[in-house]
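Here is the structure we will look at, set down as structure tokens.
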Amino acid sequence: MTVTAQKREEVLQNVPITVAVITEELLQDTGVRDIKDLQILVPGLTVTSTQNEAITTARIRGIGTVGDNVGLESSVGVVIDGVYRPRNSVGFGDLGQLERIEVLKGPQGTVFGKNTSAGVINVVTRRPSYTQSAEGEVTVGNYGAIGVSGSYNDSLSDNSAFSIYAAKRKRDGWMDVRTGNGPRQETDDYDQNFHTVRAKLLLEPTESLEILLSGDFTSRDENCCTAVQTTVGGTAAILNALAGGRAVAAPGDDPFDRVAYSNRPTTQDIVDKGLSAEINWDTPWFGGATLTSITASRQWEAINGLDYDFSTADLLYRNADQDESFTGFDTFSQELRLTGSSERIDWMVGAFYSDEELTRNETYRIGPHYEPYVSTLVYQLVSQGLAAAGVPLNNPNNISPDAFLAQVGGRPFGTGFTGLGSLDRYKQDAKSLALFTNNTWHATDALDLTLGLRYTREKKDLTSSYSNPSGSLACSGTLADQNAANPNRFALLRAALASRSTTFANLPVAVQNAIMAGNPATPDIPGVGAQIAGYMCLPWANALHNGRNTFQEMDDKEWSGTVKAAYRWNENVMTYASYARGYKGGGFNLDRVQSSNGLSSGSANGIQPVLDTSFGGEFVDSFELGAKTTWLDGNLLLNATLFHQKYEDFQLNSFLGTSFVVRSIPEVTSQGLDAELMWQPKSIRGLMLQSGLMYADTKYGDNIPGCDFVGPGQTSAACPSVGALYKLQGAQMSFAPKWSGSAAITYEWDIGNLMARFNIGAKYVSKYNTGSDLDPEKMQDAYTVANARFGIGAQDQRWMLEFWGTNITDEDYVQVGFDGPLQNVSPAPNNPFNTFNAFLGAPRMYGVTLRVRY
């Protein structure tokens, strides 16, 4: 089996890298069309999507970068036909006619485009050939699925050939949606509607020169993605009252009934297009070294509507409009490599350059239910704090929104406006230049030593413009004097609380203010000031952001590389040891960021805008000890690797219920065993077994600094409240199951003049947490997903009829769990107010496909 893991064609068993290779035949058997489908075949690979399909994250060995913020580059890189894609989501789409996919595990910072700290997914699509051929496919399935695709390949002359591929796929949504009073009209979600065209032209003017020109265009016009409630807390009663009916799921509802609540559209419009030219010239230099040039220009754009609160109450939303919701990448890249060999040395030197222009327009629209919801929620929070402190309440039960509004004369103390709360624009320019070399010295006939080295310089600059077009709150600079900046709002809250508690009413006004502001000077009556300030002055309604314009820049210069030693004991056994230093560039948080002290390291409960939203690079030291073995006259391959990876300044992007924060974790370790097996028994003609197993113990380090990581009993004057991320200390990382395994069995046999083919593939993962803050409510139990396909057709493969199913056991599992926006008021487990949501995995799908070939 041939791979290009080191940018030269090599036999898999000779490459001292942990790499899983999925062939064209297996990709077709298991129905893999994109990177997300791929995970069923690769242990240790997890791919998830969240708010829309433009936010897709790949993880290897538990390590990956959450994709909700495009300011963070991907720990797992995606390379398609030699062209690096700037984020995982940009490489998510119909990949067309595939030749193979290689999943390289561990840092690959020497030869693959930009630096990656966790691995690379290397996609190789089919090249044009000089043989005339045509292929077609028609698919129908449940959920109204219809798909058609066709391709044509031919020669233009003795030294040129071309191929063209086109596909259209459409499907109804598999999530039912309750729209309440609208204005959303679509009653299902997670539908599919996309078009793809890919074309290639191969020119070989001389025996030593090859030119491959490629172009592709993909568009997606769909609705995605709603979420379901997995835990329904006390905030649901407020939402229900405001919506005039069921706004979210009821306690006890099964989230896997796949019923979501959303009154606003989740329209997504994604366009991905690009051109590339790959030139390979066998030069007369250095013994006929090959000069390779890959030039690419790509454009990716996404417009996404969103119902931020995932309910039928009208709190926060975003319109699917380019001025309000747009993320776009314009990328130019150039790679040059000179590759040669002598009797003892295989060598390569090269350079890589990329210029990435990122544009993002981000908005929050505030609906009419926002103000009464936040007002009622804050009132309930303070009442809860009073009750916890033993202050007697006239009515110990939670008061309804209607009763509360009546108490304050129908004048809640929230934002005081509706409409376009925030309109922020970001423009980032990132330039990367790298020089690299990768060389293998055949020291003896059995011993190979490899040295790879890369020097990278990355420059980024970001211009940000913040505005609150429809108005905003005059938020104070500190928690303690919130009342000074908003006396009317605090007076209303004070009056409402006084009417509910005689004890509170008899306290001096200064003490009442201290309780509402959560002043630690009154520990005998602990308020919940952080939540009060946070909920009253959330980023999209905070006047301190309005009119801000910032410029940030960074310039990183880093070395990365690898050292490997491989020893071939005989023609069937090779062992190797390797060390790699990986690196992923730093960046900027492309969201409104505020904290308790105006610094990124401050508590996320604060209201001071953070001017410096930068974060540093991510580094990893990776050690591997592996063996690649061949048995049974070459019919059985068994490979295994022990790995230990230690990350420094791991970039964590986490949603805390009201905002996204980026935190640098000083230490993360991932260690374990990775094994794979391929067996084609001689005694059973047509049978093939492929399987893999991974054990990965992936943990955060202890003693993570910062207020967000302060646990119960550790609060202080500097960090007065429990941090939202305190559960991370020393814990197993999210999306990092300790065990995962995959297996695929294919059997092909003759039936008279026909041929039959059967394949079943499955993946098992042990339990893991699906939330970046490790709340126990986001734990996913162990599960297994299986796909199957049976086909019957002509022995010359002119036609084949296939019956297929994905997730054939209809396994229920969560992709990502997250805090209900504005509905998660405390990081403490089992808080009765907290609501948790989740993006679910797809249900069982099945259908039939007819393939024809000429």
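Chain lettering (A, B, ...) mirrors the order of the structure tokens, residue numbering begins at 1 for each chain separately, and ligand numbering begins at 1 in order of display.
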
_Shell of 6 Å around region 544-556 of chain A, only C-alpha atoms, local chain residues under 5 positions omitted, as number ranges by chain_ = A: 457-468

*Excluding region 661-664 of chain A and any residue of its chain fewer than 3 positions from it, enumerate the residues within 6 Å of it, using only C-alpha atoms, and give them as a ChimeraX atom specification.*
/A:649-654

For Asn787 (chain A), find every residue with an atom within 10 Å (counting only C-alpha atoms), except residues of its own chain fewer than 2 positions away, and show them as a PDB file with N, CA, C and O atoms, in the first residue's frame.
```
ATOM      1  N   ASP A  29     -17.303   1.628   0.072  1.00  0.00           N
ATOM      2  CA  ASP A  29     -18.104   0.637   0.782  1.00  0.00           C
ATOM      3  C   ASP A  29     -18.774   1.228   2.016  1.00  0.00           C
ATOM      4  O   ASP A  29     -19.891   0.837   2.375  1.00  0.00           O
ATOM      5  N   THR A  30     -18.086   2.118   2.707  1.00  0.00           N
ATOM      6  CA  THR A  30     -18.616   2.675   3.955  1.00  0.00           C
ATOM      7  C   THR A  30     -19.317   4.006   3.754  1.00  0.00           C
ATOM      8  O   THR A  30     -19.751   4.625   4.721  1.00  0.00           O
ATOM      9  N   GLY A  31     -19.449   4.461   2.499  1.00  0.00           N
ATOM     10  CA  GLY A  31     -20.213   5.664   2.216  1.00  0.00           C
ATOM     11  C   GLY A  31     -19.552   6.953   2.647  1.00  0.00           C
ATOM     12  O   GLY A  31     -20.230   7.942   2.930  1.00  0.00           O
ATOM     13  N   ILE A  40     -15.716   6.959  11.391  1.00  0.00           N
ATOM     14  CA  ILE A  40     -16.111   5.589  11.730  1.00  0.00           C
ATOM     15  C   ILE A  40     -15.002   4.595  11.411  1.00  0.00           C
ATOM     16  O   ILE A  40     -14.975   3.488  11.951  1.00  0.00           O
ATOM     17  N   ALA A 744     -13.813  -3.107  10.056  1.00  0.00           N
ATOM     18  CA  ALA A 744     -14.568  -3.177   8.803  1.00  0.00           C
ATOM     19  C   ALA A 744     -14.307  -4.526   8.158  1.00  0.00           C
ATOM     20  O   ALA A 744     -13.150  -4.943   8.027  1.00  0.00           O
ATOM     21  N   ASN A 759     -20.272  -5.258   3.002  1.00  0.00           N
ATOM     22  CA  ASN A 759     -19.357  -4.582   3.915  1.00  0.00           C
ATOM     23  C   ASN A 759     -20.119  -4.126   5.150  1.00  0.00           C
ATOM     24  O   ASN A 759     -21.249  -3.635   5.051  1.00  0.00           O
ATOM     25  N   ILE A 760     -19.509  -4.308   6.299  1.00  0.00           N
ATOM     26  CA  ILE A 760     -20.030  -3.727   7.530  1.00  0.00           C
ATOM     27  C   ILE A 760     -18.857  -3.121   8.280  1.00  0.00           C
ATOM     28  O   ILE A 760     -17.788  -3.731   8.401  1.00  0.00           O
ATOM     29  N   GLY A 761     -19.039  -1.896   8.722  1.00  0.00           N
ATOM     30  CA  GLY A 761     -18.002  -1.204   9.478  1.00  0.00           C
ATOM     31  C   GLY A 761     -18.602  -0.615  10.744  1.00  0.00           C
ATOM     32  O   GLY A 761     -19.740  -0.141  10.746  1.00  0.00           O
ATOM     33  N   ALA A 762     -17.852  -0.657  11.823  1.00  0.00           N
ATOM     34  CA  ALA A 762     -18.360  -0.165  13.103  1.00  0.00           C
ATOM     35  C   ALA A 762     -17.237   0.492  13.881  1.00  0.00           C
ATOM     36  O   ALA A 762     -16.054   0.166  13.710  1.00  0.00           O
ATOM     37  N   LYS A 763     -17.641   1.400  14.764  1.00  0.00           N
ATOM     38  CA  LYS A 763     -16.692   2.064  15.651  1.00  0.00           C
ATOM     39  C   LYS A 763     -17.265   2.111  17.059  1.00  0.00           C
ATOM     40  O   LYS A 763     -18.427   2.474  17.250  1.00  0.00           O
ATOM     41  N   VAL A 785     -21.355   2.778  16.720  1.00  0.00           N
ATOM     42  CA  VAL A 785     -22.063   3.141  15.486  1.00  0.00           C
ATOM     43  C   VAL A 785     -21.598   2.213  14.378  1.00  0.00           C
ATOM     44  O   VAL A 785     -20.392   1.969  14.226  1.00  0.00           O
ATOM     45  N   ARG A 789     -23.400  -2.161   3.949  1.00  0.00           N
ATOM     46  CA  ARG A 789     -23.732  -2.000   2.524  1.00  0.00           C
ATOM     47  C   ARG A 789     -23.683  -3.366   1.860  1.00  0.00           C
ATOM     48  O   ARG A 789     -22.750  -4.146   2.082  1.00  0.00           O
ATOM     49  N   TRP A 804     -27.855   0.170   1.407  1.00  0.00           N
ATOM     50  CA  TRP A 804     -26.937   0.640   2.436  1.00  0.00           C
ATOM     51  C   TRP A 804     -27.695   1.230   3.627  1.00  0.00           C
ATOM     52  O   TRP A 804     -28.867   1.606   3.531  1.00  0.00           O
ATOM     53  N   GLY A 805     -26.989   1.302   4.725  1.00  0.00           N
ATOM     54  CA  GLY A 805     -27.519   1.944   5.920  1.00  0.00           C
ATOM     55  C   GLY A 805     -26.380   2.531   6.734  1.00  0.00           C
ATOM     56  O   GLY A 805     -25.292   1.954   6.807  1.00  0.00           O
ATOM     57  N   THR A 806     -26.615   3.687   7.328  1.00  0.00           N
ATOM     58  CA  THR A 806     -25.659   4.288   8.253  1.00  0.00           C
ATOM     59  C   THR A 806     -26.297   4.357   9.629  1.00  0.00           C
ATOM     60  O   THR A 806     -27.509   4.546   9.755  1.00  0.00           O
ATOM     61  N   ASN A 807     -25.474   4.178  10.653  1.00  0.00           N
ATOM     62  CA  ASN A 807     -25.972   4.064  12.027  1.00  0.00           C
ATOM     63  C   ASN A 807     -27.140   3.066  12.049  1.00  0.00           C
ATOM     64  O   ASN A 807     -28.250   3.377  12.487  1.00  0.00           O
ATOM     65  N   ILE A 808     -26.870   1.870  11.579  1.00  0.00           N
ATOM     66  CA  ILE A 808     -27.947   0.899  11.325  1.00  0.00           C
ATOM     67  C   ILE A 808     -28.660   0.458  12.600  1.00  0.00           C
ATOM     68  O   ILE A 808     -29.803  -0.009  12.539  1.00  0.00           O
ATOM     69  N   THR A 809     -28.018   0.589  13.752  1.00  0.00           N
ATOM     70  CA  THR A 809     -28.698   0.241  15.010  1.00  0.00           C
ATOM     71  C   THR A 809     -29.410   1.435  15.618  1.00  0.00           C
ATOM     72  O   THR A 809     -29.965   1.337  16.716  1.00  0.00           O
ATOM     73  N   ARG A 844     -30.473   6.792  12.260  1.00  0.00           N
ATOM     74  CA  ARG A 844     -30.297   5.783  11.203  1.00  0.00           C
ATOM     75  C   ARG A 844     -30.779   6.340   9.863  1.00  0.00           C
ATOM     76  O   ARG A 844     -31.846   6.963   9.772  1.00  0.00           O
ATOM     77  N   MET A 845     -29.988   6.102   8.847  1.00  0.00           N
ATOM     78  CA  MET A 845     -30.376   6.444   7.481  1.00  0.00           C
ATOM     79  C   MET A 845     -30.126   5.236   6.587  1.00  0.00           C
ATOM     80  O   MET A 845     -29.197   4.458   6.825  1.00  0.00           O
ATOM     81  N   TYR A 846     -30.945   5.098   5.580  1.00  0.00           N
ATOM     82  CA  TYR A 846     -30.815   3.939   4.701  1.00  0.00           C
ATOM     83  C   TYR A 846     -31.317   4.314   3.313  1.00  0.00           C
ATOM     84  O   TYR A 846     -32.050   5.292   3.127  1.00  0.00           O
TER      85      TYR A 846
END
```

*What is the CA of Ile792 (chain A)-CA of Tyr143 (chain A) distance in Å, reported with one decimal?*
24.2 Å

_Give me, as an MDAnalysis selection string, all polymer residues having an atom no more than 7 Å from region 810-826 of chain A, counting only C-alpha atoms and skipping those fewer than 4 positions away in the same chain._
chainID A and resid 48 50 235 256 308:309 656:658 770:771 778 780 785 831 833:841 843:844

File dump, residues just selected, N, CA, C and O atoms, as a JSON list (two decimals), in the first residue's frame:
```
[["chain", "number", "residue", "atom", "x", "y", "z"],
["A", 48, "THR", "N", -16.81, 16.68, 14.96],
["A", 48, "THR", "CA", -18.09, 17.18, 15.45],
["A", 48, "THR", "C", -18.44, 18.50, 14.79],
["A", 48, "THR", "O", -17.57, 19.24, 14.32],
["A", 50, "THR", "N", -21.27, 22.00, 15.37],
["A", 50, "THR", "CA", -22.09, 22.65, 16.39],
["A", 50, "THR", "C", -23.14, 23.54, 15.75],
["A", 50, "THR", "O", -24.08, 23.05, 15.14],
["A", 235, "THR", "N", -34.85, 27.77, 34.62],
["A", 235, "THR", "CA", -35.01, 28.86, 33.66],
["A", 235, "THR", "C", -36.10, 28.57, 32.64],
["A", 235, "THR", "O", -36.63, 29.49, 32.01],
["A", 256, "PHE", "N", -33.73, 12.33, 22.46],
["A", 256, "PHE", "CA", -33.55, 11.57, 21.23],
["A", 256, "PHE", "C", -34.86, 11.30, 20.51],
["A", 256, "PHE", "O", -34.88, 10.55, 19.52],
["A", 308, "TYR", "N", -29.91, 32.04, 18.98],
["A", 308, "TYR", "CA", -28.91, 31.87, 20.03],
["A", 308, "TYR", "C", -29.45, 31.16, 21.27],
["A", 308, "TYR", "O", -28.70, 30.48, 21.96],
["A", 309, "ASP", "N", -30.73, 31.35, 21.58],
["A", 309, "ASP", "CA", -31.25, 30.81, 22.83],
["A", 309, "ASP", "C", -31.83, 29.41, 22.67],
["A", 309, "ASP", "O", -32.22, 28.78, 23.65],
["A", 656, "LEU", "N", -19.21, 29.52, 27.87],
["A", 656, "LEU", "CA", -19.55, 29.53, 29.29],
["A", 656, "LEU", "C", -20.99, 29.95, 29.54],
["A", 656, "LEU", "O", -21.33, 30.42, 30.63],
["A", 657, "GLY", "N", -21.85, 29.82, 28.56],
["A", 657, "GLY", "CA", -23.26, 30.14, 28.73],
["A", 657, "GLY", "C", -23.63, 31.54, 28.30],
["A", 657, "GLY", "O", -24.76, 31.81, 27.91],
["A", 658, "THR", "N", -22.64, 32.46, 28.36],
["A", 658, "THR", "CA", -22.90, 33.84, 27.94],
["A", 658, "THR", "C", -21.85, 34.34, 26.96],
["A", 658, "THR", "O", -22.07, 35.36, 26.32],
["A", 770, "THR", "N", -18.63, 15.60, 26.56],
["A", 770, "THR", "CA", -18.81, 16.33, 25.30],
["A", 770, "THR", "C", -18.81, 17.84, 25.49],
["A", 770, "THR", "O", -19.13, 18.58, 24.56],
["A", 771, "GLY", "N", -18.47, 18.32, 26.69],
["A", 771, "GLY", "CA", -18.45, 19.76, 26.95],
["A", 771, "GLY", "C", -17.06, 20.23, 27.31],
["A", 771, "GLY", "O", -16.33, 19.56, 28.05],
["A", 778, "LYS", "N", -22.88, 16.72, 30.75],
["A", 778, "LYS", "CA", -22.51, 16.60, 29.34],
["A", 778, "LYS", "C", -21.78, 15.29, 29.03],
["A", 778, "LYS", "O", -21.20, 15.13, 27.96],
["A", 780, "GLN", "N", -21.15, 11.60, 27.86],
["A", 780, "GLN", "CA", -21.71, 10.68, 26.88],
["A", 780, "GLN", "C", -21.26, 9.27, 27.23],
["A", 780, "GLN", "O", -20.06, 9.00, 27.36],
["A", 785, "VAL", "N", -21.35, 2.78, 16.72],
["A", 785, "VAL", "CA", -22.06, 3.14, 15.49],
["A", 785, "VAL", "C", -21.60, 2.21, 14.38],
["A", 785, "VAL", "O", -20.39, 1.97, 14.23],
["A", 831, "ASN", "N", -27.26, 22.22, 39.81],
["A", 831, "ASN", "CA", -27.97, 23.44, 40.14],
["A", 831, "ASN", "C", -29.35, 23.40, 39.50],
["A", 831, "ASN", "O", -29.47, 23.16, 38.29],
["A", 833, "PHE", "N", -31.38, 25.54, 38.55],
["A", 833, "PHE", "CA", -31.69, 26.53, 37.52],
["A", 833, "PHE", "C", -31.13, 26.14, 36.16],
["A", 833, "PHE", "O", -31.62, 26.58, 35.13],
["A", 834, "ASN", "N", -30.05, 25.37, 36.13],
["A", 834, "ASN", "CA", -29.28, 25.17, 34.91],
["A", 834, "ASN", "C", -30.01, 24.30, 33.88],
["A", 834, "ASN", "O", -30.55, 23.25, 34.21],
["A", 835, "THR", "N", -29.95, 24.77, 32.63],
["A", 835, "THR", "CA", -30.42, 24.00, 31.49],
["A", 835, "THR", "C", -29.24, 23.70, 30.58],
["A", 835, "THR", "O", -28.40, 24.57, 30.34],
["A", 836, "PHE", "N", -29.16, 22.46, 30.09],
["A", 836, "PHE", "CA", -28.08, 22.04, 29.21],
["A", 836, "PHE", "C", -28.66, 21.59, 27.88],
["A", 836, "PHE", "O", -29.70, 20.93, 27.83],
["A", 837, "ASN", "N", -27.96, 21.94, 26.81],
["A", 837, "ASN", "CA", -28.37, 21.60, 25.45],
["A", 837, "ASN", "C", -27.35, 20.68, 24.80],
["A", 837, "ASN", "O", -26.24, 20.50, 25.31],
["A", 838, "ALA", "N", -27.70, 20.15, 23.64],
["A", 838, "ALA", "CA", -26.76, 19.28, 22.92],
["A", 838, "ALA", "C", -27.09, 19.28, 21.43],
["A", 838, "ALA", "O", -28.24, 19.40, 21.03],
["A", 839, "PHE", "N", -26.03, 19.15, 20.64],
["A", 839, "PHE", "CA", -26.15, 18.83, 19.22],
["A", 839, "PHE", "C", -26.00, 17.32, 19.09],
["A", 839, "PHE", "O", -25.00, 16.75, 19.55],
["A", 840, "LEU", "N", -26.99, 16.69, 18.48],
["A", 840, "LEU", "CA", -27.05, 15.23, 18.46],
["A", 840, "LEU", "C", -26.36, 14.64, 17.23],
["A", 840, "LEU", "O", -26.22, 15.29, 16.19],
["A", 841, "GLY", "N", -25.96, 13.37, 17.37],
["A", 841, "GLY", "CA", -25.51, 12.62, 16.22],
["A", 841, "GLY", "C", -26.69, 12.25, 15.34],
["A", 841, "GLY", "O", -27.84, 12.19, 15.78],
["A", 843, "PRO", "N", -29.42, 10.19, 13.14],
["A", 843, "PRO", "CA", -30.10, 8.91, 13.35],
["A", 843, "PRO", "C", -29.79, 7.94, 12.22],
["A", 843, "PRO", "O", -28.98, 8.22, 11.32],
["A", 844, "ARG", "N", -30.47, 6.79, 12.26],
["A", 844, "ARG", "CA", -30.30, 5.78, 11.20],
["A", 844, "ARG", "C", -30.78, 6.34, 9.86],
["A", 844, "ARG", "O", -31.85, 6.96, 9.77]]
```

*Could you check which of A:Arg33, A:Tyr373, A:Arg126, A:Glu25 is closest to Glu748 (chain A), using only C-alpha atoms?*
A:Glu25

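Among the candidates A:Val382, A:Ala320, A:Leu642, A:Leu689, the residue lying nearest to Ala498 (chain A) is A:Val382 (atoms considered: only C-alpha atoms).
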
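Using only C-alpha atoms, the contacts of Thr698 (chain A) at a cut-off of 10 Å, with sequence neighbours closer than 6 positions omitted, comprise Arg61, Gly62, Ile63, His644, Gln645, Lys646, Val668, Thr669, Ser670, Gln671, Gly672, Gly730, Ala731, Gln732, Met733, Ser734, Phe735, Ala736, Pro737 and Lys738 of chain A.
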
Next, the residues of the selection above should be written as a CSV table (one decimal), in the first residue's frame with all heavy atoms.
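Final output, saved to again02.csv:
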```csv
chain,number,residue,atom,x,y,z
A,61,ARG,N,-6.5,11.6,18.9
A,61,ARG,CA,-6.0,11.3,20.3
A,61,ARG,C,-6.5,12.2,21.3
A,61,ARG,O,-5.8,12.5,22.3
A,61,ARG,CB,-4.4,11.2,20.3
A,61,ARG,CG,-3.8,10.1,19.4
A,61,ARG,CD,-2.3,10.2,19.3
A,61,ARG,NE,-1.7,9.2,18.5
A,61,ARG,CZ,-0.5,9.1,18.1
A,61,ARG,NH1,0.4,10.1,18.4
A,61,ARG,NH2,0.0,8.1,17.4
A,62,GLY,N,-7.7,12.7,21.1
A,62,GLY,CA,-8.3,13.6,22.1
A,62,GLY,C,-7.9,15.0,21.9
A,62,GLY,O,-8.4,15.9,22.7
A,63,ILE,N,-7.1,15.4,21.0
A,63,ILE,CA,-6.5,16.7,20.8
A,63,ILE,C,-7.1,17.4,19.6
A,63,ILE,O,-7.1,16.8,18.5
A,63,ILE,CB,-5.0,16.7,20.7
A,63,ILE,CG1,-4.4,16.1,22.0
A,63,ILE,CG2,-4.5,18.2,20.5
A,63,ILE,CD1,-4.6,16.8,23.2
A,644,HIS,N,3.5,9.3,23.6
A,644,HIS,CA,3.4,10.2,24.7
A,644,HIS,C,3.6,11.6,24.2
A,644,HIS,O,4.6,11.9,23.6
A,644,HIS,CB,4.5,9.9,25.8
A,644,HIS,CG,4.5,10.9,26.9
A,644,HIS,ND1,3.7,10.7,28.0
A,644,HIS,CD2,5.2,12.1,27.1
A,644,HIS,CE1,3.9,11.8,28.8
A,644,HIS,NE2,4.8,12.6,28.3
A,645,GLN,N,2.5,12.4,24.4
A,645,GLN,CA,2.5,13.8,23.8
A,645,GLN,C,2.3,14.8,25.0
A,645,GLN,O,1.3,14.6,25.7
A,645,GLN,CB,1.4,14.0,22.8
A,645,GLN,CG,1.6,13.0,21.6
A,645,GLN,CD,0.4,13.1,20.6
A,645,GLN,OE1,0.5,12.6,19.5
A,645,GLN,NE2,-0.7,13.7,21.0
A,646,LYS,N,3.1,15.7,25.1
A,646,LYS,CA,3.0,16.8,26.1
A,646,LYS,C,2.8,18.1,25.5
A,646,LYS,O,3.7,18.6,24.8
A,646,LYS,CB,4.2,16.8,27.1
A,646,LYS,CG,4.1,17.8,28.2
A,646,LYS,CD,5.3,17.7,29.1
A,646,LYS,CE,5.2,18.7,30.3
A,646,LYS,NZ,6.4,18.6,31.2
A,668,VAL,N,-1.0,19.8,28.9
A,668,VAL,CA,-1.9,18.8,28.5
A,668,VAL,C,-1.1,17.6,28.1
A,668,VAL,O,-0.1,17.8,27.3
A,668,VAL,CB,-2.9,19.2,27.4
A,668,VAL,CG1,-3.7,18.0,26.9
A,668,VAL,CG2,-3.9,20.2,27.9
A,669,THR,N,-1.4,16.4,28.6
A,669,THR,CA,-0.7,15.2,28.1
A,669,THR,C,-1.7,14.2,27.5
A,669,THR,O,-2.8,14.1,27.9
A,669,THR,CB,0.0,14.5,29.3
A,669,THR,OG1,-0.9,14.2,30.3
A,669,THR,CG2,1.1,15.4,29.9
A,670,SER,N,-1.2,13.5,26.5
A,670,SER,CA,-1.9,12.5,25.8
A,670,SER,C,-1.0,11.3,25.6
A,670,SER,O,0.1,11.5,25.0
A,670,SER,CB,-2.5,12.9,24.5
A,670,SER,OG,-3.2,11.9,23.8
A,671,GLN,N,-1.3,10.1,26.2
A,671,GLN,CA,-0.4,9.0,26.1
A,671,GLN,C,-1.2,7.7,25.9
A,671,GLN,O,-2.3,7.6,26.4
A,671,GLN,CB,0.5,8.9,27.3
A,671,GLN,CG,-0.2,8.9,28.6
A,671,GLN,CD,0.8,9.0,29.8
A,671,GLN,OE1,2.0,9.2,29.6
A,671,GLN,NE2,0.3,9.0,31.0
A,672,GLY,N,-0.6,6.7,25.3
A,672,GLY,CA,-1.4,5.5,25.1
A,672,GLY,C,-0.8,4.6,24.0
A,672,GLY,O,0.4,4.7,23.7
A,730,GLY,N,-6.6,18.6,36.3
A,730,GLY,CA,-6.2,17.2,36.3
A,730,GLY,C,-7.1,16.2,35.7
A,730,GLY,O,-7.0,15.0,35.9
A,731,ALA,N,-8.2,16.7,35.0
A,731,ALA,CA,-9.2,15.8,34.5
A,731,ALA,C,-8.9,15.3,33.1
A,731,ALA,O,-8.2,15.9,32.3
A,731,ALA,CB,-10.6,16.5,34.6
A,732,GLN,N,-9.6,14.2,32.7
A,732,GLN,CA,-9.6,13.7,31.3
A,732,GLN,C,-10.3,14.8,30.4
A,732,GLN,O,-11.3,15.3,30.8
A,732,GLN,CB,-10.4,12.4,31.2
A,732,GLN,CG,-10.4,11.8,29.8
A,732,GLN,CD,-9.1,11.0,29.5
A,732,GLN,OE1,-8.2,10.9,30.3
A,732,GLN,NE2,-9.0,10.4,28.3
A,733,MET,N,-9.6,15.1,29.3
A,733,MET,CA,-10.1,16.1,28.4
A,733,MET,C,-11.5,15.7,27.8
A,733,MET,O,-11.8,14.6,27.7
A,733,MET,CB,-9.1,16.4,27.3
A,733,MET,CG,-7.9,17.1,27.7
A,733,MET,SD,-6.9,17.6,26.3
A,733,MET,CE,-7.9,18.7,25.5
A,734,SER,N,-12.2,16.8,27.4
A,734,SER,CA,-13.5,16.5,26.7
A,734,SER,C,-13.1,15.9,25.3
A,734,SER,O,-12.1,16.1,24.8
A,734,SER,CB,-14.2,17.8,26.5
A,734,SER,OG,-13.4,18.8,25.9
A,735,PHE,N,-14.1,15.2,24.8
A,735,PHE,CA,-14.0,14.6,23.5
A,735,PHE,C,-12.8,13.6,23.4
A,735,PHE,O,-12.2,13.5,22.3
A,735,PHE,CB,-13.9,15.6,22.3
A,735,PHE,CG,-15.1,16.5,22.3
A,735,PHE,CD1,-15.0,17.8,22.9
A,735,PHE,CD2,-16.3,16.2,21.8
A,735,PHE,CE1,-16.0,18.7,22.9
A,735,PHE,CE2,-17.3,17.0,21.8
A,735,PHE,CZ,-17.2,18.3,22.4
A,736,ALA,N,-12.4,13.1,24.5
A,736,ALA,CA,-11.2,12.2,24.6
A,736,ALA,C,-11.6,10.9,25.2
A,736,ALA,O,-11.2,10.6,26.4
A,736,ALA,CB,-10.1,12.9,25.3
A,737,PRO,N,-12.3,10.0,24.6
A,737,PRO,CA,-12.5,8.7,25.1
A,737,PRO,C,-11.2,7.9,25.4
A,737,PRO,O,-10.3,8.0,24.5
A,737,PRO,CB,-13.4,8.0,24.1
A,737,PRO,CG,-13.1,8.7,22.8
A,737,PRO,CD,-12.8,10.1,23.2
A,738,LYS,N,-11.2,7.2,26.5
A,738,LYS,CA,-9.9,6.4,26.7
A,738,LYS,C,-9.8,5.3,25.7
A,738,LYS,O,-8.6,5.0,25.3
A,738,LYS,CB,-9.9,5.9,28.2
A,738,LYS,CG,-9.6,7.0,29.2
A,738,LYS,CD,-9.3,6.4,30.5
A,738,LYS,CE,-8.9,7.5,31.5
A,738,LYS,NZ,-8.4,7.0,32.8
```

*Output as a ChimeraX atom specification all residues of region 585-675 of chain A that backbone DSSP marks as strand (DSSP E).*
/A:587-588,594-595,608-609,614-615,618-631,636-655,660-675

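Minimum atom-to-atom distances from A:Ser772, A:Ser354, A:Gln594, A:Gln512 to Cys537 (chain A) were compared using only C-alpha atoms, and the lowest value belongs to A:Gln594.
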